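*Asks:* Just dropping this structure here.
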Amino acid sequence: MEYISVGRRAGAIFFDSIILWIAFVLIVVVTGDTGTATSDGGFSIEASGGGLSLILATLLAFGYFIVLEATIGATLGKLAVGIRVRMEDGTPLTWGASVVRNLLRIIDSLFIYLVGAILVWNSDRRQRLGDRVAHSVVVSKESVGRAAPMPSADAPLQPPPPPPPATL
């Protein structure tokens, strides 16, 4: 399998972020949950709808990643850049693994995904924390379902090893 490093993952998360931002704006419009982000000496947030839009957007974001990765092996961003999420053994991602890897996205995404990037750069399988705990990997779409290489027809066949000596 061809493990994917930070570059294509960043492209996927950028694309997914645009989709989720549009969804968030629609949630704010539908719920009427508007707010301001100004103060005299610093930064404060005031929401008029009790934060309903924030709760819905958070649930939508987690649901987006968990459901798409568990059902089709990729988010729309991952599909766009040609990568997929699989279990370490190459099988499709399980629901449990999808939940685990995406809950740990909270830690991986700290400092604009710097935590996840450092972990990916220091992993032979290019795994962030969520992947390591969930036993998942991000691979190129071309390597999904690729069969193990078969010996060439020209390669000589090797005889089986001799049986162990019999003991009485």
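Residues are referred to by chain and number: the chain letter is A, B, ... according to the order shown in the structure tokens, the number counts from 1 in that chain, and ligands are numbered separately from 1 in the order shown.
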Identify, on the basis of only C-alpha atoms, every residue whose closest approach to Glu69 of chain A does not exceed 12 Å; exclude the query and any residue fewer than 2 positions from it along the same chain; express the result as a PyMOL selection string.

*Replies:* chain A and resi 62-67+71-79+83-87+92-102+136-138

*Asks:* Store the residues of this selection in a file with N, CA, C and O atoms, as a CSV table (one decimal), in the first residue's frame.

*Replies:*
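Okay, again_7.csv is ready:
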```
chain,number,residue,atom,x,y,z
A,62,PHE,N,-18.3,16.1,12.9
A,62,PHE,CA,-17.9,14.7,13.3
A,62,PHE,C,-18.7,13.7,12.5
A,62,PHE,O,-18.1,12.7,12.1
A,63,GLY,N,-20.0,13.9,12.3
A,63,GLY,CA,-20.8,13.0,11.5
A,63,GLY,C,-20.3,12.9,10.1
A,63,GLY,O,-20.2,11.8,9.5
A,64,TYR,N,-19.9,14.0,9.5
A,64,TYR,CA,-19.4,14.0,8.1
A,64,TYR,C,-18.2,13.1,8.0
A,64,TYR,O,-18.1,12.2,7.1
A,65,PHE,N,-17.2,13.3,8.9
A,65,PHE,CA,-16.0,12.5,8.8
A,65,PHE,C,-16.2,11.0,9.1
A,65,PHE,O,-15.8,10.1,8.4
A,66,ILE,N,-17.0,10.8,10.2
A,66,ILE,CA,-17.2,9.4,10.7
A,66,ILE,C,-18.0,8.6,9.7
A,66,ILE,O,-17.6,7.5,9.3
A,67,VAL,N,-19.1,9.2,9.2
A,67,VAL,CA,-20.0,8.4,8.3
A,67,VAL,C,-19.4,8.2,7.0
A,67,VAL,O,-19.4,7.1,6.5
A,71,THR,N,-18.4,4.5,5.6
A,71,THR,CA,-19.2,3.9,4.6
A,71,THR,C,-18.5,3.8,3.2
A,71,THR,O,-18.6,2.8,2.5
A,72,ILE,N,-17.8,4.9,2.8
A,72,ILE,CA,-17.1,4.8,1.5
A,72,ILE,C,-15.6,4.9,1.6
A,72,ILE,O,-14.9,5.0,0.6
A,73,GLY,N,-15.1,5.0,2.8
A,73,GLY,CA,-13.6,5.0,3.0
A,73,GLY,C,-13.0,6.4,2.7
A,73,GLY,O,-11.7,6.4,2.7
A,74,ALA,N,-13.7,7.4,2.6
A,74,ALA,CA,-13.2,8.7,2.3
A,74,ALA,C,-14.2,9.8,2.4
A,74,ALA,O,-15.4,9.6,2.2
A,75,THR,N,-13.7,11.0,2.8
A,75,THR,CA,-14.6,12.2,2.8
A,75,THR,C,-14.6,12.7,1.3
A,75,THR,O,-13.8,12.2,0.5
A,76,LEU,N,-15.4,13.7,1.0
A,76,LEU,CA,-15.4,14.3,-0.3
A,76,LEU,C,-14.0,14.9,-0.6
A,76,LEU,O,-13.5,14.8,-1.8
A,77,GLY,N,-13.3,15.5,0.4
A,77,GLY,CA,-12.0,16.0,0.2
A,77,GLY,C,-11.0,14.9,-0.2
A,77,GLY,O,-10.1,15.1,-1.1
A,78,LYS,N,-11.1,13.8,0.5
A,78,LYS,CA,-10.2,12.7,0.2
A,78,LYS,C,-10.4,12.1,-1.1
A,78,LYS,O,-9.5,11.7,-1.9
A,79,LEU,N,-11.7,12.0,-1.5
A,79,LEU,CA,-12.1,11.6,-2.9
A,79,LEU,C,-11.5,12.5,-3.9
A,79,LEU,O,-10.9,12.0,-4.9
A,83,ILE,N,-7.3,9.9,-2.2
A,83,ILE,CA,-6.8,9.1,-1.1
A,83,ILE,C,-8.0,8.4,-0.4
A,83,ILE,O,-9.1,8.9,-0.5
A,84,ARG,N,-7.7,7.3,0.4
A,84,ARG,CA,-8.7,6.6,1.1
A,84,ARG,C,-8.2,6.2,2.5
A,84,ARG,O,-7.0,6.1,2.7
A,85,VAL,N,-9.2,5.9,3.4
A,85,VAL,CA,-8.8,5.4,4.7
A,85,VAL,C,-9.1,3.9,4.8
A,85,VAL,O,-10.2,3.5,4.4
A,86,ARG,N,-8.2,3.2,5.2
A,86,ARG,CA,-8.4,1.7,5.4
A,86,ARG,C,-7.8,1.3,6.7
A,86,ARG,O,-7.1,2.0,7.4
A,87,MET,N,-8.1,0.0,7.1
A,87,MET,CA,-7.5,-0.6,8.3
A,87,MET,C,-6.1,-0.9,7.9
A,87,MET,O,-5.7,-1.0,6.7
A,92,PRO,N,-11.6,-2.6,4.6
A,92,PRO,CA,-12.3,-1.3,4.7
A,92,PRO,C,-12.3,-0.9,6.2
A,92,PRO,O,-12.3,-1.7,7.1
A,93,LEU,N,-12.4,0.4,6.4
A,93,LEU,CA,-12.4,1.0,7.8
A,93,LEU,C,-13.7,0.6,8.5
A,93,LEU,O,-14.8,0.6,7.9
A,94,THR,N,-13.6,0.2,9.7
A,94,THR,CA,-14.7,-0.2,10.5
A,94,THR,C,-15.4,1.1,11.1
A,94,THR,O,-14.7,2.1,11.2
A,95,TRP,N,-16.6,0.9,11.6
A,95,TRP,CA,-17.3,2.0,12.2
A,95,TRP,C,-16.6,2.5,13.5
A,95,TRP,O,-16.4,3.6,13.7
A,96,GLY,N,-16.2,1.5,14.3
A,96,GLY,CA,-15.5,1.8,15.5
A,96,GLY,C,-14.2,2.5,15.3
A,96,GLY,O,-13.8,3.5,16.0
A,97,ALA,N,-13.4,2.1,14.3
A,97,ALA,CA,-12.1,2.7,13.9
A,97,ALA,C,-12.4,4.2,13.4
A,97,ALA,O,-11.6,5.1,13.8
A,98,SER,N,-13.5,4.3,12.7
A,98,SER,CA,-13.8,5.7,12.2
A,98,SER,C,-14.1,6.6,13.3
A,98,SER,O,-13.7,7.8,13.3
A,99,VAL,N,-14.9,6.1,14.3
A,99,VAL,CA,-15.2,7.0,15.5
A,99,VAL,C,-13.9,7.3,16.2
A,99,VAL,O,-13.7,8.5,16.6
A,100,VAL,N,-13.1,6.4,16.5
A,100,VAL,CA,-11.9,6.6,17.3
A,100,VAL,C,-11.0,7.6,16.5
A,100,VAL,O,-10.5,8.6,17.1
A,101,ARG,N,-10.7,7.4,15.3
A,101,ARG,CA,-9.7,8.2,14.6
A,101,ARG,C,-10.3,9.6,14.4
A,101,ARG,O,-9.5,10.6,14.4
A,102,ASN,N,-11.6,9.8,14.4
A,102,ASN,CA,-12.1,11.1,14.2
A,102,ASN,C,-12.3,11.8,15.5
A,102,ASN,O,-12.3,13.1,15.6
A,136,SER,N,-5.6,2.4,11.7
A,136,SER,CA,-6.0,2.7,10.3
A,136,SER,C,-4.8,3.4,9.6
A,136,SER,O,-3.9,3.9,10.2
A,137,VAL,N,-4.9,3.5,8.3
A,137,VAL,CA,-3.9,4.1,7.4
A,137,VAL,C,-4.6,4.9,6.3
A,137,VAL,O,-5.7,4.6,5.9
A,138,VAL,N,-4.0,5.9,5.8
A,138,VAL,CA,-4.5,6.7,4.7
A,138,VAL,C,-3.6,6.3,3.5
A,138,VAL,O,-2.3,6.4,3.6
```

*Asks:* Env of Glu142 of chain A: 12 Å cut, atoms = only C-alpha atoms, seq-sep filter 2 positions within chain, self excluded. Answer as a PyMOL selection string.

*Replies:* chain A and resi 1-4+79+81-84+138-140+144-147

*Asks:* Using N, CA, C and O atoms, can you write the selected residues to a file as a PDB file, in the first residue's frame?

*Replies:*
```pdb
ATOM      1  N   MET A   1       0.842  -1.185   0.000  1.00  0.00           N
ATOM      2  CA  MET A   1       0.000   0.000   0.000  1.00  0.00           C
ATOM      3  C   MET A   1       0.883   1.242   0.000  1.00  0.00           C
ATOM      4  O   MET A   1       1.937   1.258   0.627  1.00  0.00           O
ATOM      5  N   GLU A   2       0.440   2.257  -0.681  1.00  0.00           N
ATOM      6  CA  GLU A   2       1.155   3.531  -0.715  1.00  0.00           C
ATOM      7  C   GLU A   2       0.570   4.442   0.362  1.00  0.00           C
ATOM      8  O   GLU A   2      -0.555   4.929   0.238  1.00  0.00           O
ATOM      9  N   TYR A   3       1.336   4.652   1.445  1.00  0.00           N
ATOM     10  CA  TYR A   3       0.882   5.494   2.546  1.00  0.00           C
ATOM     11  C   TYR A   3       1.030   6.960   2.174  1.00  0.00           C
ATOM     12  O   TYR A   3       2.007   7.362   1.550  1.00  0.00           O
ATOM     13  N   ILE A   4       0.057   7.771   2.585  1.00  0.00           N
ATOM     14  CA  ILE A   4      -0.002   9.177   2.189  1.00  0.00           C
ATOM     15  C   ILE A   4       0.502  10.073   3.321  1.00  0.00           C
ATOM     16  O   ILE A   4       0.080   9.936   4.464  1.00  0.00           O
ATOM     17  N   LEU A  79     -11.714  12.020  -1.516  1.00  0.00           N
ATOM     18  CA  LEU A  79     -12.060  11.552  -2.865  1.00  0.00           C
ATOM     19  C   LEU A  79     -11.455  12.479  -3.918  1.00  0.00           C
ATOM     20  O   LEU A  79     -10.929  12.018  -4.929  1.00  0.00           O
ATOM     21  N   VAL A  81      -8.764  14.308  -3.813  1.00  0.00           N
ATOM     22  CA  VAL A  81      -7.305  14.231  -3.963  1.00  0.00           C
ATOM     23  C   VAL A  81      -6.813  12.793  -4.137  1.00  0.00           C
ATOM     24  O   VAL A  81      -5.603  12.553  -4.196  1.00  0.00           O
ATOM     25  N   GLY A  82      -7.744  11.844  -4.231  1.00  0.00           N
ATOM     26  CA  GLY A  82      -7.372  10.464  -4.550  1.00  0.00           C
ATOM     27  C   GLY A  82      -6.790   9.651  -3.417  1.00  0.00           C
ATOM     28  O   GLY A  82      -5.886   8.852  -3.640  1.00  0.00           O
ATOM     29  N   ILE A  83      -7.297   9.874  -2.192  1.00  0.00           N
ATOM     30  CA  ILE A  83      -6.817   9.073  -1.070  1.00  0.00           C
ATOM     31  C   ILE A  83      -7.999   8.409  -0.363  1.00  0.00           C
ATOM     32  O   ILE A  83      -9.145   8.857  -0.484  1.00  0.00           O
ATOM     33  N   ARG A  84      -7.702   7.331   0.356  1.00  0.00           N
ATOM     34  CA  ARG A  84      -8.725   6.559   1.063  1.00  0.00           C
ATOM     35  C   ARG A  84      -8.219   6.183   2.450  1.00  0.00           C
ATOM     36  O   ARG A  84      -7.021   6.111   2.685  1.00  0.00           O
ATOM     37  N   VAL A 138      -3.956   5.926   5.845  1.00  0.00           N
ATOM     38  CA  VAL A 138      -4.450   6.682   4.697  1.00  0.00           C
ATOM     39  C   VAL A 138      -3.561   6.297   3.522  1.00  0.00           C
ATOM     40  O   VAL A 138      -2.340   6.401   3.598  1.00  0.00           O
ATOM     41  N   VAL A 139      -4.205   5.829   2.445  1.00  0.00           N
ATOM     42  CA  VAL A 139      -3.473   5.301   1.295  1.00  0.00           C
ATOM     43  C   VAL A 139      -3.988   5.921   0.003  1.00  0.00           C
ATOM     44  O   VAL A 139      -5.060   6.519  -0.033  1.00  0.00           O
ATOM     45  N   SER A 140      -3.221   5.750  -1.071  1.00  0.00           N
ATOM     46  CA  SER A 140      -3.674   6.235  -2.377  1.00  0.00           C
ATOM     47  C   SER A 140      -4.830   5.368  -2.855  1.00  0.00           C
ATOM     48  O   SER A 140      -4.913   4.182  -2.523  1.00  0.00           O
ATOM     49  N   VAL A 144      -5.821   0.743  -3.095  1.00  0.00           N
ATOM     50  CA  VAL A 144      -6.958   0.085  -2.439  1.00  0.00           C
ATOM     51  C   VAL A 144      -7.382  -1.109  -3.279  1.00  0.00           C
ATOM     52  O   VAL A 144      -7.623  -0.993  -4.476  1.00  0.00           O
ATOM     53  N   GLY A 145      -7.451  -2.258  -2.639  1.00  0.00           N
ATOM     54  CA  GLY A 145      -7.893  -3.467  -3.332  1.00  0.00           C
ATOM     55  C   GLY A 145      -6.849  -4.091  -4.218  1.00  0.00           C
ATOM     56  O   GLY A 145      -7.127  -5.054  -4.923  1.00  0.00           O
ATOM     57  N   ARG A 146      -5.637  -3.555  -4.210  1.00  0.00           N
ATOM     58  CA  ARG A 146      -4.570  -4.112  -5.024  1.00  0.00           C
ATOM     59  C   ARG A 146      -4.162  -5.458  -4.439  1.00  0.00           C
ATOM     60  O   ARG A 146      -3.895  -5.582  -3.257  1.00  0.00           O
ATOM     61  N   ALA A 147      -4.155  -6.460  -5.271  1.00  0.00           N
ATOM     62  CA  ALA A 147      -3.768  -7.793  -4.820  1.00  0.00           C
ATOM     63  C   ALA A 147      -2.278  -7.849  -4.565  1.00  0.00           C
ATOM     64  O   ALA A 147      -1.502  -7.077  -5.138  1.00  0.00           O
TER      65      ALA A 147
END
```

*Asks:* Using DSSP secondary structure from the backbone, list all helix (DSSP H, G or I) positions within segment 41-148 of chain A, as an NGL selection string.

*Replies:* :A and (52-72 or 76-81 or 95-103 or 105-108 or 110-121 or 129-134 or 141-143)

*Asks:* Write the residues of the preceding selection, restricted to C-alpha atoms, as a PDB file, in the first residue's frame.

*Replies:*
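What ended up in selection.pdb:
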```
ATOM      1  CA  LEU A  52     -27.449  25.919  18.824  1.00  0.00           C
ATOM      2  CA  SER A  53     -25.563  26.513  15.586  1.00  0.00           C
ATOM      3  CA  LEU A  54     -22.249  25.620  17.245  1.00  0.00           C
ATOM      4  CA  ILE A  55     -23.676  22.357  18.611  1.00  0.00           C
ATOM      5  CA  LEU A  56     -25.219  21.438  15.260  1.00  0.00           C
ATOM      6  CA  ALA A  57     -22.039  22.344  13.338  1.00  0.00           C
ATOM      7  CA  THR A  58     -19.904  20.234  15.685  1.00  0.00           C
ATOM      8  CA  LEU A  59     -22.222  17.239  15.323  1.00  0.00           C
ATOM      9  CA  LEU A  60     -22.307  17.720  11.553  1.00  0.00           C
ATOM     10  CA  ALA A  61     -18.495  17.899  11.310  1.00  0.00           C
ATOM     11  CA  PHE A  62     -17.944  14.732  13.342  1.00  0.00           C
ATOM     12  CA  GLY A  63     -20.775  12.990  11.494  1.00  0.00           C
ATOM     13  CA  TYR A  64     -19.365  14.033   8.124  1.00  0.00           C
ATOM     14  CA  PHE A  65     -15.962  12.481   8.801  1.00  0.00           C
ATOM     15  CA  ILE A  66     -17.203   9.407  10.695  1.00  0.00           C
ATOM     16  CA  VAL A  67     -20.039   8.407   8.349  1.00  0.00           C
ATOM     17  CA  LEU A  68     -18.249   9.030   5.048  1.00  0.00           C
ATOM     18  CA  GLU A  69     -15.028   7.317   6.112  1.00  0.00           C
ATOM     19  CA  ALA A  70     -16.913   4.310   7.564  1.00  0.00           C
ATOM     20  CA  THR A  71     -19.217   3.893   4.559  1.00  0.00           C
ATOM     21  CA  ILE A  72     -17.143   4.821   1.507  1.00  0.00           C
ATOM     22  CA  LEU A  76     -15.351  14.336  -0.304  1.00  0.00           C
ATOM     23  CA  GLY A  77     -11.963  16.020   0.155  1.00  0.00           C
ATOM     24  CA  LYS A  78     -10.158  12.679   0.241  1.00  0.00           C
ATOM     25  CA  LEU A  79     -12.060  11.552  -2.865  1.00  0.00           C
ATOM     26  CA  ALA A  80     -11.030  14.770  -4.633  1.00  0.00           C
ATOM     27  CA  VAL A  81      -7.305  14.231  -3.963  1.00  0.00           C
ATOM     28  CA  TRP A  95     -17.318   2.048  12.210  1.00  0.00           C
ATOM     29  CA  GLY A  96     -15.457   1.770  15.510  1.00  0.00           C
ATOM     30  CA  ALA A  97     -12.144   2.740  13.948  1.00  0.00           C
ATOM     31  CA  SER A  98     -13.797   5.668  12.178  1.00  0.00           C
ATOM     32  CA  VAL A  99     -15.222   6.962  15.467  1.00  0.00           C
ATOM     33  CA  VAL A 100     -11.871   6.599  17.271  1.00  0.00           C
ATOM     34  CA  ARG A 101      -9.724   8.212  14.550  1.00  0.00           C
ATOM     35  CA  ASN A 102     -12.123  11.133  14.204  1.00  0.00           C
ATOM     36  CA  LEU A 103     -12.553  11.803  17.929  1.00  0.00           C
ATOM     37  CA  ARG A 105      -8.804  14.455  15.289  1.00  0.00           C
ATOM     38  CA  ILE A 106      -9.347  17.013  18.085  1.00  0.00           C
ATOM     39  CA  ILE A 107      -5.778  16.395  19.280  1.00  0.00           C
ATOM     40  CA  ASP A 108      -4.306  15.887  15.796  1.00  0.00           C
ATOM     41  CA  LEU A 110      -4.127  21.296  17.365  1.00  0.00           C
ATOM     42  CA  PHE A 111      -2.044  24.206  16.058  1.00  0.00           C
ATOM     43  CA  ILE A 112      -3.562  23.931  12.556  1.00  0.00           C
ATOM     44  CA  TYR A 113      -2.842  20.175  12.321  1.00  0.00           C
ATOM     45  CA  LEU A 114       0.804  20.599  13.337  1.00  0.00           C
ATOM     46  CA  VAL A 115       0.447  17.858  15.968  1.00  0.00           C
ATOM     47  CA  GLY A 116      -0.931  15.433  13.370  1.00  0.00           C
ATOM     48  CA  ALA A 117       1.686  16.454  10.797  1.00  0.00           C
ATOM     49  CA  ILE A 118       4.571  15.815  13.199  1.00  0.00           C
ATOM     50  CA  LEU A 119       3.146  12.375  14.003  1.00  0.00           C
ATOM     51  CA  VAL A 120       2.691  11.572  10.292  1.00  0.00           C
ATOM     52  CA  TRP A 121       6.261  12.652   9.494  1.00  0.00           C
ATOM     53  CA  LEU A 129      -2.516   9.805  16.481  1.00  0.00           C
ATOM     54  CA  GLY A 130      -6.061   8.874  15.448  1.00  0.00           C
ATOM     55  CA  ASP A 131      -4.738   6.395  12.881  1.00  0.00           C
ATOM     56  CA  ARG A 132      -2.332   4.813  15.351  1.00  0.00           C
ATOM     57  CA  VAL A 133      -5.007   4.228  17.986  1.00  0.00           C
ATOM     58  CA  ALA A 134      -7.640   3.096  15.448  1.00  0.00           C
ATOM     59  CA  LYS A 141      -6.872   5.181  -4.120  1.00  0.00           C
ATOM     60  CA  GLU A 142      -4.757   3.175  -6.562  1.00  0.00           C
ATOM     61  CA  SER A 143      -3.483   0.927  -3.781  1.00  0.00           C
TER      62      SER A 143
END
```

*Asks:* Mind giving me the straight-line distance from atom CA of Leu104 of chain A to atom CA of Arg128 of chain A in Å, one decimal?

*Replies:*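 A separation of 9.1 Å between them.
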
*Asks:* Would you list, as a list in words, the residues of segment 14-154 of chain A that end up in strand (DSSP E or B) under DSSP run on this structure's backbone?

*Replies:*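 Those residues are Gly35, Thr36, Glu46, Ala47, Ile83, Arg84, Val85, Arg86, Met87, Pro92, Ser136, Val137, Val138, Val139 and Ser140 of chain A.
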
*Asks:* In Å, rounded to a single decimal, give me how far atom CA of Gly90 of chain A is from atom CA of Gly7 of chain A.

*Replies:*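 The value is 21.5 Å.
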
*Asks:* Which distance in Å separates atom CA of Arg126 of chain A and atom CA of Val6 of chain A, to one decimal?

*Replies:* 8.2 Å
